[in-house]
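Asks: My structure is in run14.cif, and what it holds is mmCIF, C-alpha atoms:
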data_coords
loop_
_atom_site.label_atom_id
_atom_site.label_comp_id
_atom_site.auth_asym_id
_atom_site.auth_seq_id
_atom_site.Cartn_x
_atom_site.Cartn_y
_atom_site.Cartn_z
CA MET N 28 50.13 -8.57 17.36
CA THR N 29 48.25 -7.77 14.16
CA ILE N 30 44.58 -6.98 14.60
CA PRO N 31 42.47 -8.02 11.59
CA SER N 32 40.78 -5.12 9.85
CA THR N 33 37.01 -4.94 10.13
CA GLN N 34 36.73 -2.55 7.18
CA ASP N 35 34.46 -3.65 4.39
CA PRO N 36 36.85 -4.57 1.57
CA THR N 37 34.42 -3.15 -0.99
CA SER N 38 34.04 0.22 0.76
CA ALA N 39 37.01 1.75 -1.08
CA ARG N 40 35.35 1.43 -4.46
CA PRO N 41 31.87 2.28 -5.68
CA ALA N 42 29.39 -0.58 -5.61
CA ALA N 43 28.40 -1.94 -9.00
CA LEU N 44 25.13 -3.76 -8.41
CA PRO N 45 22.69 -5.06 -11.03
CA LEU N 46 19.87 -2.82 -9.80
CA ARG N 47 16.70 -2.89 -11.86
CA PRO N 48 16.72 0.25 -14.04
CA GLU N 49 13.36 1.50 -12.77
CA LEU N 50 14.74 1.54 -9.19
CA ALA N 51 17.74 3.73 -10.01
CA GLY N 52 17.60 6.92 -7.96
CA GLU N 53 14.52 5.84 -6.00
CA GLU N 54 14.31 6.72 -2.30
CA PRO N 55 12.72 4.43 0.33
CA TYR N 56 9.17 5.36 1.29
CA GLY N 57 8.65 7.10 4.61
CA ALA N 58 7.57 10.27 6.34
CA PRO N 59 10.19 12.26 8.29
CA GLN N 60 10.75 10.78 11.77
CA LEU N 61 11.87 13.69 13.91
CA ASP N 62 12.13 13.98 17.68
CA VAL N 63 9.68 16.79 18.41
CA PRO N 64 7.06 17.20 21.15
CA VAL N 65 3.97 17.04 18.90
CA LEU N 66 3.91 14.41 16.14
CA LEU N 67 0.97 14.98 13.81
CA ASN N 68 2.39 13.73 10.53
CA VAL N 69 1.67 10.00 10.03
CA ASN N 70 -2.00 9.58 11.02
CA GLU N 71 -1.28 7.49 14.09
CA ASN N 72 -3.81 7.17 16.89
CA PRO N 73 -2.42 9.36 19.69
CA TYR N 74 -3.89 7.23 22.48
CA ALA N 75 -1.75 4.33 23.67
CA PRO N 76 -3.44 1.01 24.56
CA ALA N 77 -4.69 0.78 28.14
CA GLU N 78 -2.85 -1.39 30.66
CA ASP N 79 -5.44 -4.18 30.54
CA VAL N 80 -4.98 -4.38 26.77
CA VAL N 81 -1.22 -4.47 27.18
CA ALA N 82 -1.56 -7.25 29.76
CA THR N 83 -3.72 -9.40 27.47
CA ILE N 84 -1.34 -8.92 24.55
CA ALA N 85 1.66 -9.75 26.74
CA ALA N 86 0.02 -12.92 28.06
CA ASP N 87 -1.05 -14.16 24.63
CA VAL N 88 2.32 -13.37 23.08
CA ALA N 89 4.04 -15.18 25.95
CA ALA N 90 1.88 -18.23 25.23
CA ALA N 91 2.80 -18.05 21.55
CA ALA N 92 6.47 -17.69 22.44
CA ARG N 93 6.45 -21.11 24.04
CA GLY N 94 5.87 -22.57 20.60
CA LEU N 95 8.26 -20.44 18.57
CA ASN N 96 10.26 -23.52 17.64
CA ARG N 97 7.35 -24.37 15.35
CA TYR N 98 6.20 -22.50 12.25
CA PRO N 99 3.08 -20.36 12.72
CA ASP N 100 -0.36 -21.31 11.47
CA ARG N 101 0.01 -20.34 7.82
CA ASP N 102 -3.73 -19.91 7.23
CA PHE N 103 -4.53 -18.39 10.70
CA LEU N 104 -8.26 -19.10 10.50
CA PRO N 105 -8.90 -18.22 14.18
CA LEU N 106 -7.58 -14.70 13.57
CA ARG N 107 -9.52 -14.41 10.32
CA ALA N 108 -12.68 -15.47 12.20
CA ALA N 109 -12.06 -12.80 14.84
CA LEU N 110 -11.59 -10.17 12.13
CA ALA N 111 -14.81 -11.32 10.42
CA ASP N 112 -16.65 -10.95 13.74
CA TYR N 113 -15.28 -7.44 14.12
CA LEU N 114 -16.37 -6.42 10.61
CA ALA N 115 -19.87 -7.73 11.29
CA ARG N 116 -20.05 -5.61 14.42
CA GLU N 117 -18.56 -2.49 12.85
CA SER N 118 -20.33 -2.52 9.48
CA GLY N 119 -23.24 -4.93 9.85
CA VAL N 120 -21.80 -7.07 7.03
CA ARG N 121 -21.14 -10.72 7.87
CA VAL N 122 -18.46 -12.59 5.92
CA ALA N 123 -17.02 -16.05 6.46
CA PRO N 124 -13.51 -16.39 7.94
CA GLU N 125 -12.37 -17.76 4.58
CA GLN N 126 -13.34 -14.44 3.01
CA VAL N 127 -10.83 -12.55 5.15
CA TRP N 128 -7.11 -12.23 4.49
CA ALA N 129 -4.43 -10.57 6.59
CA ALA N 130 -0.77 -9.64 6.32
CA ASN N 131 1.90 -7.38 7.78
CA GLY N 132 0.00 -4.14 7.38
CA SER N 133 -2.42 -3.30 4.61
CA ASN N 134 0.70 -2.47 2.57
CA GLU N 135 1.50 -6.17 2.27
CA VAL N 136 -2.14 -6.96 1.55
CA MET N 137 -2.00 -4.49 -1.35
CA LEU N 138 1.24 -6.01 -2.58
CA HIS N 139 -0.41 -9.45 -2.57
CA LEU N 140 -3.23 -8.03 -4.67
CA LEU N 141 -0.82 -6.61 -7.26
CA GLN N 142 1.22 -9.82 -7.26
CA ALA N 143 -1.89 -11.86 -7.96
CA PHE N 144 -3.71 -9.62 -10.41
CA GLY N 145 -1.10 -7.20 -11.78
CA GLY N 146 2.17 -7.98 -13.52
CA PRO N 147 3.84 -7.44 -16.89
CA GLY N 148 1.41 -6.41 -19.62
CA ARG N 149 -1.22 -5.38 -17.07
CA THR N 150 -2.27 -1.99 -15.71
CA ALA N 151 -3.16 -0.65 -12.26
CA LEU N 152 -5.30 2.49 -12.09
CA SER N 153 -6.11 5.05 -9.43
CA PHE N 154 -7.20 8.68 -9.28
CA ALA N 155 -4.81 11.37 -8.07
CA PRO N 156 -4.11 12.76 -5.60
CA THR N 157 -4.12 9.56 -3.58
CA TYR N 158 -1.89 7.32 -1.45
CA SER N 159 1.72 7.62 -2.58
CA MET N 160 2.51 3.93 -2.05
CA TYR N 161 0.14 2.72 -4.78
CA PRO N 162 2.58 3.40 -7.67
CA GLU N 163 5.29 1.63 -5.69
CA TYR N 164 3.19 -1.53 -5.44
CA ALA N 165 2.78 -1.33 -9.20
CA ARG N 166 6.48 -0.72 -9.79
CA ASP N 167 7.51 -3.62 -7.59
CA THR N 168 5.22 -6.03 -9.47
CA HIS N 169 6.12 -4.76 -12.99
CA THR N 170 2.58 -3.44 -13.39
CA ARG N 171 1.95 -0.40 -15.57
CA TRP N 172 0.71 2.50 -13.43
CA VAL N 173 -1.75 5.14 -14.61
CA THR N 174 -3.87 7.74 -12.83
CA GLY N 175 -7.04 9.58 -13.61
CA ARG N 176 -7.88 12.82 -11.86
CA ARG N 177 -10.02 13.90 -8.97
CA ALA N 178 -12.08 17.09 -9.04
CA GLU N 179 -10.87 20.30 -7.40
CA ASP N 180 -12.71 19.33 -4.20
CA PHE N 181 -11.01 15.87 -4.40
CA THR N 182 -14.24 14.00 -5.12
CA LEU N 183 -14.32 11.49 -7.96
CA ASP N 184 -16.64 12.09 -10.89
CA PRO N 185 -18.24 8.75 -11.85
CA ALA N 186 -18.35 9.61 -15.57
CA HIS N 187 -14.64 10.44 -15.60
CA ALA N 188 -13.85 7.27 -13.64
CA VAL N 189 -15.81 5.08 -16.06
CA ALA N 190 -14.27 6.75 -19.12
CA THR N 191 -10.76 6.25 -17.72
CA ILE N 192 -11.44 2.58 -16.99
CA GLU N 193 -12.79 2.03 -20.49
CA ALA N 194 -9.76 3.74 -22.03
CA GLU N 195 -7.06 2.06 -19.92
CA GLN N 196 -8.55 -1.42 -19.41
CA PRO N 197 -6.82 -1.92 -16.03
CA ALA N 198 -6.47 -5.24 -14.24
CA VAL N 199 -6.57 -3.58 -10.82
CA ILE N 200 -8.34 -0.38 -9.72
CA LEU N 201 -7.31 1.15 -6.39
CA LEU N 202 -9.76 3.49 -4.63
CA ALA N 203 -8.97 4.90 -1.19
CA SER N 204 -12.08 5.84 0.79
CA PRO N 205 -11.51 7.88 2.89
CA ASN N 206 -8.77 9.00 0.56
CA ASN N 207 -5.23 9.70 1.71
CA PRO N 208 -4.02 12.49 1.77
CA THR N 209 -7.34 14.31 1.29
CA GLY N 210 -9.71 12.49 3.68
CA THR N 211 -12.43 12.39 1.02
CA ALA N 212 -14.87 9.47 1.16
CA LEU N 213 -16.43 8.04 -1.99
CA ARG N 214 -20.17 7.97 -2.53
CA ALA N 215 -21.64 4.48 -2.84
CA ALA N 216 -22.96 5.34 -6.31
CA THR N 217 -19.43 6.20 -7.45
CA VAL N 218 -18.03 2.91 -6.19
CA GLU N 219 -20.85 1.02 -7.91
CA ALA N 220 -20.21 2.84 -11.19
CA VAL N 221 -16.54 1.83 -10.98
CA LEU N 222 -17.47 -1.78 -10.19
CA GLU N 223 -19.85 -1.99 -13.14
CA ALA N 224 -17.21 -0.55 -15.48
CA ALA N 225 -14.57 -2.89 -14.04
CA ALA N 226 -16.75 -5.90 -14.81
CA ARG N 227 -16.65 -4.94 -18.50
CA VAL N 228 -12.83 -4.73 -18.66
CA ARG N 229 -11.01 -7.38 -20.65
CA VAL N 230 -7.69 -7.97 -18.89
CA PRO N 231 -4.83 -9.28 -21.09
CA ASP N 232 -4.22 -13.02 -20.67
CA ALA N 233 -7.17 -13.37 -18.29
CA PRO N 234 -10.10 -15.76 -18.75
CA ASP N 235 -13.01 -14.33 -20.70
CA GLY N 236 -15.34 -12.39 -18.46
CA ALA N 237 -12.81 -12.03 -15.63
CA GLY N 238 -13.00 -8.23 -15.47
CA ALA N 239 -10.83 -6.00 -13.28
CA VAL N 240 -10.34 -6.30 -9.52
CA VAL N 241 -11.52 -3.23 -7.61
CA VAL N 242 -9.80 -2.55 -4.30
CA VAL N 243 -11.45 -0.09 -1.92
CA ASP N 244 -8.87 0.90 0.67
CA GLU N 245 -10.73 1.70 3.90
CA ALA N 246 -7.75 2.20 6.20
CA TYR N 247 -9.58 5.08 7.91
CA ALA N 248 -13.11 3.67 7.72
CA GLU N 249 -13.81 3.74 11.45
CA PHE N 250 -13.42 7.52 11.46
CA ARG N 251 -16.07 8.11 8.78
CA ARG N 252 -18.97 10.38 9.60
CA THR N 253 -22.48 9.08 10.25
CA GLY N 254 -24.16 8.18 6.99
CA THR N 255 -20.96 7.48 5.09
CA PRO N 256 -21.27 3.87 3.84
CA SER N 257 -18.63 1.17 3.73
CA ALA N 258 -17.92 -0.69 0.50
CA LEU N 259 -18.32 -3.89 2.54
CA GLU N 260 -22.04 -3.49 1.86
CA LEU N 261 -21.36 -4.24 -1.83
CA LEU N 262 -19.38 -7.46 -1.35
CA ASP N 263 -22.27 -9.86 -1.89
CA ARG N 264 -23.01 -8.33 -5.32
CA TYR N 265 -19.50 -7.93 -6.74
CA PRO N 266 -17.11 -10.93 -6.65
CA HIS N 267 -14.26 -8.79 -8.05
CA LEU N 268 -14.38 -6.36 -5.09
CA ALA N 269 -11.87 -6.37 -2.22
CA VAL N 270 -12.20 -4.06 0.79
CA THR N 271 -9.03 -3.50 2.81
CA ARG N 272 -8.79 -2.41 6.43
CA THR N 273 -6.06 -2.00 9.05
CA MET N 274 -5.61 -2.20 12.81
CA SER N 275 -3.02 0.60 12.66
CA LYS N 276 -5.36 3.58 12.94
CA ALA N 277 -8.59 3.14 14.87
CA PHE N 278 -7.20 0.25 16.93
CA ALA N 279 -4.16 2.31 18.03
CA ALA N 280 -1.95 -0.54 16.82
CA ALA N 281 0.34 0.95 14.20
CA GLY N 282 3.28 -0.91 15.75
CA LEU N 283 1.44 -4.23 15.44
CA ARG N 284 1.49 -4.18 11.62
CA LEU N 285 -1.74 -6.00 10.88
CA GLY N 286 -3.77 -5.20 7.78
CA TYR N 287 -6.55 -7.27 6.27
CA LEU N 288 -9.22 -7.44 3.61
CA ALA N 289 -12.62 -8.93 2.96
CA ALA N 290 -13.53 -10.35 -0.45
CA GLY N 291 -15.03 -13.36 -2.15
CA ARG N 292 -13.32 -16.64 -1.34
CA PRO N 293 -11.86 -17.16 -4.87
CA LEU N 294 -10.16 -13.77 -4.64
CA VAL N 295 -8.77 -14.55 -1.18
CA ASP N 296 -7.53 -17.96 -2.37
CA ALA N 297 -5.61 -16.21 -5.16
CA LEU N 298 -3.74 -14.19 -2.54
CA ARG N 299 -2.83 -17.36 -0.67
CA VAL N 300 -0.95 -18.45 -3.81
CA VAL N 301 1.38 -15.43 -3.87
CA ARG N 302 1.98 -14.91 -0.14
CA LEU N 303 5.36 -15.88 1.26
CA PRO N 304 5.36 -19.05 3.38
CA TYR N 305 4.31 -18.36 6.96
CA HIS N 306 4.19 -14.63 6.25
CA LEU N 307 2.28 -13.78 9.44
CA SER N 308 4.32 -14.64 12.52
CA ALA N 309 2.91 -16.44 15.54
CA VAL N 310 3.68 -13.35 17.61
CA THR N 311 1.73 -11.07 15.26
CA GLN N 312 -1.20 -13.48 15.18
CA ALA N 313 -1.26 -13.64 18.98
CA ALA N 314 -0.98 -9.87 19.45
CA ALA N 315 -3.70 -9.13 16.90
CA GLY N 316 -6.04 -11.71 18.39
CA ALA N 317 -5.45 -10.30 21.85
CA ALA N 318 -6.15 -6.75 20.68
CA LEU N 319 -9.42 -7.85 19.10
CA LYS N 320 -10.56 -9.10 22.51
CA HIS N 321 -10.53 -5.45 23.59
CA THR N 322 -12.30 -3.96 20.58
CA GLU N 323 -14.64 -1.84 22.66
CA SER N 324 -11.95 -0.13 24.73
CA LEU N 325 -9.51 0.24 21.84
CA LEU N 326 -12.15 1.95 19.72
CA ALA N 327 -13.37 4.11 22.61
CA GLN N 328 -11.24 7.03 21.47
CA VAL N 329 -12.58 7.03 17.90
CA ASP N 330 -15.53 9.26 18.79
CA THR N 331 -13.15 11.59 20.64
CA LEU N 332 -10.92 11.83 17.59
CA ARG N 333 -13.90 12.45 15.30
CA THR N 334 -15.01 15.33 17.54
CA GLU N 335 -11.48 16.72 17.66
CA ARG N 336 -11.21 16.42 13.86
CA ASP N 337 -14.43 18.31 13.27
CA ALA N 338 -13.32 21.02 15.69
CA ALA N 339 -9.95 21.30 13.93
CA VAL N 340 -11.63 21.59 10.52
CA ALA N 341 -13.99 24.32 11.78
CA TRP N 342 -11.09 26.24 13.37
CA LEU N 343 -8.92 26.01 10.26
CA ARG N 344 -11.73 27.26 8.03
CA ALA N 345 -12.05 30.32 10.27
CA GLN N 346 -8.38 31.24 9.78
CA ARG N 347 -6.68 33.27 7.07
CA GLY N 348 -3.36 32.42 5.50
CA PRO N 349 -0.33 34.70 5.15
CA ASP N 350 -1.86 36.18 1.99
CA GLY N 351 -5.07 37.12 3.81
CA ALA N 352 -7.24 34.55 2.02
CA PRO N 353 -9.34 32.12 4.10
CA LEU N 354 -7.80 28.70 4.59
CA VAL N 355 -9.43 25.84 2.71
CA VAL N 356 -9.89 22.40 4.28
CA ALA N 357 -10.85 19.30 2.32
CA GLU N 358 -13.93 17.41 3.49
CA THR N 359 -12.61 14.59 5.63
CA ASP N 360 -13.92 11.30 6.98
CA ALA N 361 -10.48 10.30 8.27
CA ASN N 362 -8.36 11.12 11.33
CA PHE N 363 -6.54 13.93 9.54
CA ALA N 364 -7.25 17.12 7.65
CA LEU N 365 -5.68 18.50 4.46
CA PHE N 366 -5.53 22.27 4.60
CA GLY N 367 -4.14 25.16 2.59
CA THR N 368 -3.44 26.71 0.35
CA PHE N 369 -0.07 28.35 0.90
CA ALA N 370 2.18 30.05 -1.64
CA ASP N 371 5.12 28.57 0.29
CA ARG N 372 3.86 25.54 2.16
CA HIS N 373 7.40 24.52 3.15
CA ALA N 374 7.83 27.77 5.05
CA VAL N 375 4.64 27.00 7.01
CA TRP N 376 5.79 23.41 7.61
CA GLN N 377 9.19 24.61 8.81
CA GLY N 378 7.63 27.28 11.02
CA LEU N 379 5.47 24.64 12.72
CA LEU N 380 8.46 22.35 13.12
CA ASP N 381 10.49 25.17 14.69
CA ARG N 382 7.72 25.40 17.28
CA GLY N 383 7.79 21.67 18.02
CA VAL N 384 4.87 20.57 15.82
CA LEU N 385 5.44 18.14 12.95
CA VAL N 386 2.81 17.91 10.20
CA ARG N 387 3.08 16.32 6.73
CA GLU N 388 4.13 18.17 3.61
CA VAL N 389 2.22 15.98 1.19
CA GLY N 390 -0.43 16.14 -1.50
CA PRO N 391 -0.94 18.83 -4.13
CA GLN N 392 1.28 21.90 -4.04
CA GLY N 393 0.19 24.43 -1.44
CA TRP N 394 -1.43 21.92 0.92
CA LEU N 395 -0.38 20.46 4.29
CA ARG N 396 -1.86 17.54 6.22
CA VAL N 397 -2.31 17.42 9.98
CA SER N 398 -3.14 14.22 11.84
CA ILE N 399 -5.60 14.58 14.69
CA GLY N 400 -3.94 14.31 18.09
CA THR N 401 -5.03 14.74 21.68
CA PRO N 402 -6.78 17.99 22.69
CA GLN N 403 -3.50 19.20 24.16
CA GLU N 404 -1.60 18.43 20.96
CA MET N 405 -4.20 20.14 18.82
CA GLU N 406 -4.02 23.24 21.01
CA ARG N 407 -0.25 23.29 20.46
CA PHE N 408 -0.90 22.99 16.71
CA ARG N 409 -3.40 25.87 16.71
CA THR N 410 -1.08 28.13 18.69
CA ALA N 411 1.89 27.29 16.49
CA LEU N 412 -0.01 27.78 13.21
CA THR N 413 -1.36 31.14 14.40
CA GLU N 414 2.19 32.28 15.19
CA VAL N 415 3.56 31.03 11.87
CA ILE N 416 0.87 32.78 9.84
CA GLU N 417 1.42 36.03 11.77
CA GLU N 418 5.17 35.78 11.19
CA LEU N 419 4.82 35.08 7.46
CA SER N 420 2.25 37.85 7.06
CA SER N 421 4.54 40.56 8.42
#
Using C-alpha cells, write down the structure that the file contains.
Replies:
Amino acid sequence: MTIPSTQDPTSARPAALPLRPELAGEEPYGAPQLDVPVLLNVNENPYAPAEDVVATIAADVAAAARGLNRYPDRDFLPLRAALADYLARESGVRVAPEQVWAANGSNEVMLHLLQAFGGPGRTALSFAPTYSMYPEYARDTHTRWVTGRRAEDFTLDPAHAVATIEAEQPAVILLASPNNPTGTALRAATVEAVLEAAARVRVPDAPDGAGAVVVVDEAYAEFRRTGTPSALELLDRYPHLAVTRTMSKAFAAAGLRLGYLAAGRPLVDALRVVRLPYHLSAVTQAAAGAALKHTESLLAQVDTLRTERDAAVAWLRAQRGPDGAPLVVAETDANFALFGTFADRHAVWQGLLDRGVLVREVGPQGWLRVSIGTPQEMERFRTALTEVIEELSS
C-alpha cells in the first residue's frame, strides 16, 4: 500500500513570493516570550481578574455564543456607550457613544487612523524615542514616517515640536502620553501647542483647512500621577484630536484585545469607512462589556501598582551601576520604569534573565525597561539586579 506524502511540494525549493520591497528582511513585532518565573517585560497588569469578574465574563460570552450563527453588531453602540460612561467617570469628560470607537487592541485603532488619514504622499510624525509600532503602522499604510527628537530627559520641547510640524507638514501626528518606553507624560501646554500647529498644516490632497490629525496615545493613562491631565479635556476645542485608550493595562485585560478612542464624530465616522466588516467579534464585545461592569474592582489594583512603581523608582535611583555611577530613572506616569544607563545593557538583561527575571531591552542604548509587578515580583527583581550589578562590577 502506498501512503500519500504529506510533504509540502514547494518545500524543496526556495519560495519566490512577490513580497513588497519595504517588507523584505522585516521581522514580526513582539517582545521575547520566555518561560521564566518573573515576567516584567511587556507592561501587563500582574493581577488576574477576580472570580466574580470571570463569572460575569463567562456568562455574557455564553449568551453571545448562542447567537454566533449571526454576524456581530458592526457598530456596537452599547459597548461604545459603556466606554463613554467609563471615560466620564475616569476623566470627568463626557462624550457621546458616537464619539467612541473600538477595535482589537489600540494597535488596530491606530491602524484605522493611518488608513483613514495617512497613505501615499502623506506623512506621519512622532518624536523619538517612542512606541516602536508607530513606524510599522506607517509602513503598512504606505505613509511616509518621520521623527523629531525628545530632550535628554525625554520631555518634548513645544518649540521643537512646532518647528518640526511646520517643516514636515504631516497628516497624522502621534504623541504617546505617558510615552512608551520612557513613561514620560506630556504637559497640557505642549499638547495644545502641537494641536495649534497641526491646525495650520496643509495636508496634500485634503480639503482646504483640514489640518493634521493629532493622536494622543493614552494607553497608560490610568497610572498617571495626581495632577497629570488627560488630553480628553481638550476634545471639545479641537475637532482634529483623537485620544486612544486600552483595556489591556489598567483593566488587567491584555488577553481581551480591546482598544478604543474618543474623538469628534466626523473623525470617528471616517474610521468606520476603513474598518473591516464586523471587525469586533460578538465574543469580544460581550467580554469587554462584562469587564466594564466590574470597573471598580478591576481598577482596584491601579493604586497599588502606582505605589509599587514609585517605590521601584526611588530604589533604582539609590543604586549604582557596574561603573559606580548612580542609576538614572526616567520620570514615569506609567506602569513601568526606564532605567540605566549601562555600558553593556545586554549583559545586565541576560544576568537578570539567568536569575529568572525578564525585563525589556528597549529604548535608547544603555537603558532597560521594567514593568511593575506584584510586591513579590519586584523584590525578586531588586535582588536579581543587585546580584547582577555586583557580578559585573567585580
Asks: To test your reading of the syntax: which residues would the PyMOL selection byres ((chain N and resi 118-130) around 9) return for the file shown? Reply as a PyMOL selection string.
Replies: chain N and resi 102-117+131-136+139+256-257+259-260+262+284-296+298-299+302+306-307
Asks: If the PyMOL selection byres ((chain N and resi 372-386) around 12) is run on the structure shown, which residues does it catch, given as a VMD selection string?
Replies: chain N and resid 58 to 71 348 to 349 363 to 371 387 to 400 403 to 420
Asks: If we count only C-alpha atoms, what is near Ala237 of chain N at a cut-off of 12 Å, once residues fewer than 4 positions away on the same chain are taken out, given as number ranges by chain?
Replies: N: 144, 197-199, 225-233, 241, 265-267, 293-294
Asks: At a cut-off of 9 Å, using only C-alpha atoms, what residues contact Ala258 of chain N? Leave out same-chain residues fewer than 2 positions from it and give the result as number ranges by chain.
Replies: N: 204, 215, 218, 243, 245, 256, 260-262, 268-270
Asks: Those residues you just picked out, can you put them in a file as a CSV table (one decimal), in the coordinates of the input with C-alpha atoms?
Replies:
chain,number,residue,atom,x,y,z
N,204,SER,CA,-12.1,5.8,0.8
N,215,ALA,CA,-21.6,4.5,-2.8
N,218,VAL,CA,-18.0,2.9,-6.2
N,243,VAL,CA,-11.4,-0.1,-1.9
N,245,GLU,CA,-10.7,1.7,3.9
N,256,PRO,CA,-21.3,3.9,3.8
N,260,GLU,CA,-22.0,-3.5,1.9
N,261,LEU,CA,-21.4,-4.2,-1.8
N,262,LEU,CA,-19.4,-7.5,-1.4
N,268,LEU,CA,-14.4,-6.4,-5.1
N,269,ALA,CA,-11.9,-6.4,-2.2
N,270,VAL,CA,-12.2,-4.1,0.8
Asks: Go ahead and compute the interatomic distance for atom CA of Ala246 of chain N and atom CA of Ala318 of chain N, in Å to one decimal.
Replies: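 Between these atoms lies a distance of 17.1 Å.
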Asks: Which of these residues is nearest to Phe278 of chain N, using only C-alpha atoms: N:Phe250, N:Tyr98, N:Tyr305, N:Phe181?
Replies: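 Selected residue with least distance to Phe278 of chain N: N:Phe250.
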Asks: Anything within 7 Å of (-8.2, 3.4, -6.2): list those residues as a compact mmCIF listing (two decimals) with C-alpha atoms, in the coordinates of the input, counting all atoms listed in the file and sticking to the file's coordinates.
Replies:
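To be explicit, this is the file written out as part.txt:
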# COMPACT_ATOMS: atom_id res chain seq x y z
CA LEU N 152 -5.30 2.49 -12.09
CA SER N 153 -6.11 5.05 -9.43
CA PHE N 154 -7.20 8.68 -9.28
CA ILE N 200 -8.34 -0.38 -9.72
CA LEU N 201 -7.31 1.15 -6.39
CA LEU N 202 -9.76 3.49 -4.63
CA ALA N 203 -8.97 4.90 -1.19
CA VAL N 242 -9.80 -2.55 -4.30
CA VAL N 243 -11.45 -0.09 -1.92
Asks: Please expand the PyMOL selection byres ((chain N and resi 360) around 7) into the concrete residues it hits in this file, giving the result as an MDAnalysis selection string.
Replies: chainID N and resid 205 210:212 250:252 359 361
Asks: Take the residues just selected and output them with C-alpha atoms as an mmCIF file, in the coordinates of the input.
Replies:
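File produced: out.cif:
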data_model
loop_
_atom_site.group_PDB
_atom_site.id
_atom_site.type_symbol
_atom_site.label_atom_id
_atom_site.label_comp_id
_atom_site.auth_asym_id
_atom_site.auth_seq_id
_atom_site.Cartn_x
_atom_site.Cartn_y
_atom_site.Cartn_z
ATOM 1 C CA PRO N 205 -11.510 7.880 2.890
ATOM 2 C CA GLY N 210 -9.710 12.490 3.680
ATOM 3 C CA THR N 211 -12.430 12.390 1.020
ATOM 4 C CA ALA N 212 -14.870 9.470 1.160
ATOM 5 C CA PHE N 250 -13.420 7.520 11.460
ATOM 6 C CA ARG N 251 -16.070 8.110 8.780
ATOM 7 C CA ARG N 252 -18.970 10.380 9.600
ATOM 8 C CA THR N 359 -12.610 14.590 5.630
ATOM 9 C CA ALA N 361 -10.480 10.300 8.270
#
Asks: Mind listing whatever residues come within 7 Å of the point (7.5, -7.4, -9.1)? Use only C-alpha atoms, file coordinates, and give them as an MDAnalysis selection string.
Replies: chainID N and resid 142 146 166:169
Asks: Quick one: 5 Å padding each side, axis-aligned, all listed atoms of segment 85-98 of chain N - centre and edge lengths in Å to one decimal, as lines of an AutoDock Vina configuration file?
Replies:
center_x = 4.6
center_y = -17.1
center_z = 20.2
size_x = 21.3
size_y = 24.6
size_z = 25.8
Asks: Can you tell me, as a PyMOL selection string, what residues are no more than 12 Å from Ala190 of chain N when counting all atoms listed in the file, ignoring any on the same chain fewer than 4 positions away?
Replies: chain N and resi 175-176+184-186+194-197+220-221+223-225+227-228
Asks: I'd like the interatomic distance between atom CA of Lys276 of chain N and atom CA of Tyr247 of chain N, to a tenth of an Å.
Replies: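 Distance reported for this atom pair: 6.7 Å.
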Asks: So, counting all atoms listed in the file, which residue among N:Ala281, N:Asn362, N:Thr271, N:Ala239 is closest to Glu335 of chain N?
Replies: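 Ranked by minimum distance to Glu335 of chain N, first place goes to N:Asn362.
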Asks: Taking into account all atoms listed in the file, which residue in the set N:Glu163, N:Pro156, N:Thr191, N:Ala327 is nearest to Glu179 of chain N?
Replies: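 Ranking N:Glu163, N:Pro156, N:Thr191, N:Ala327 by distance to Glu179 of chain N, first place goes to N:Pro156.
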Asks: Enter the distance from atom CA of Ala317 of chain N to atom CA of Thr401 of chain N, in Å, rounded to one decimal.
Replies: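 Computed distance, atom CA of Ala317 of chain N to atom CA of Thr401 of chain N, equals 25.0 Å.
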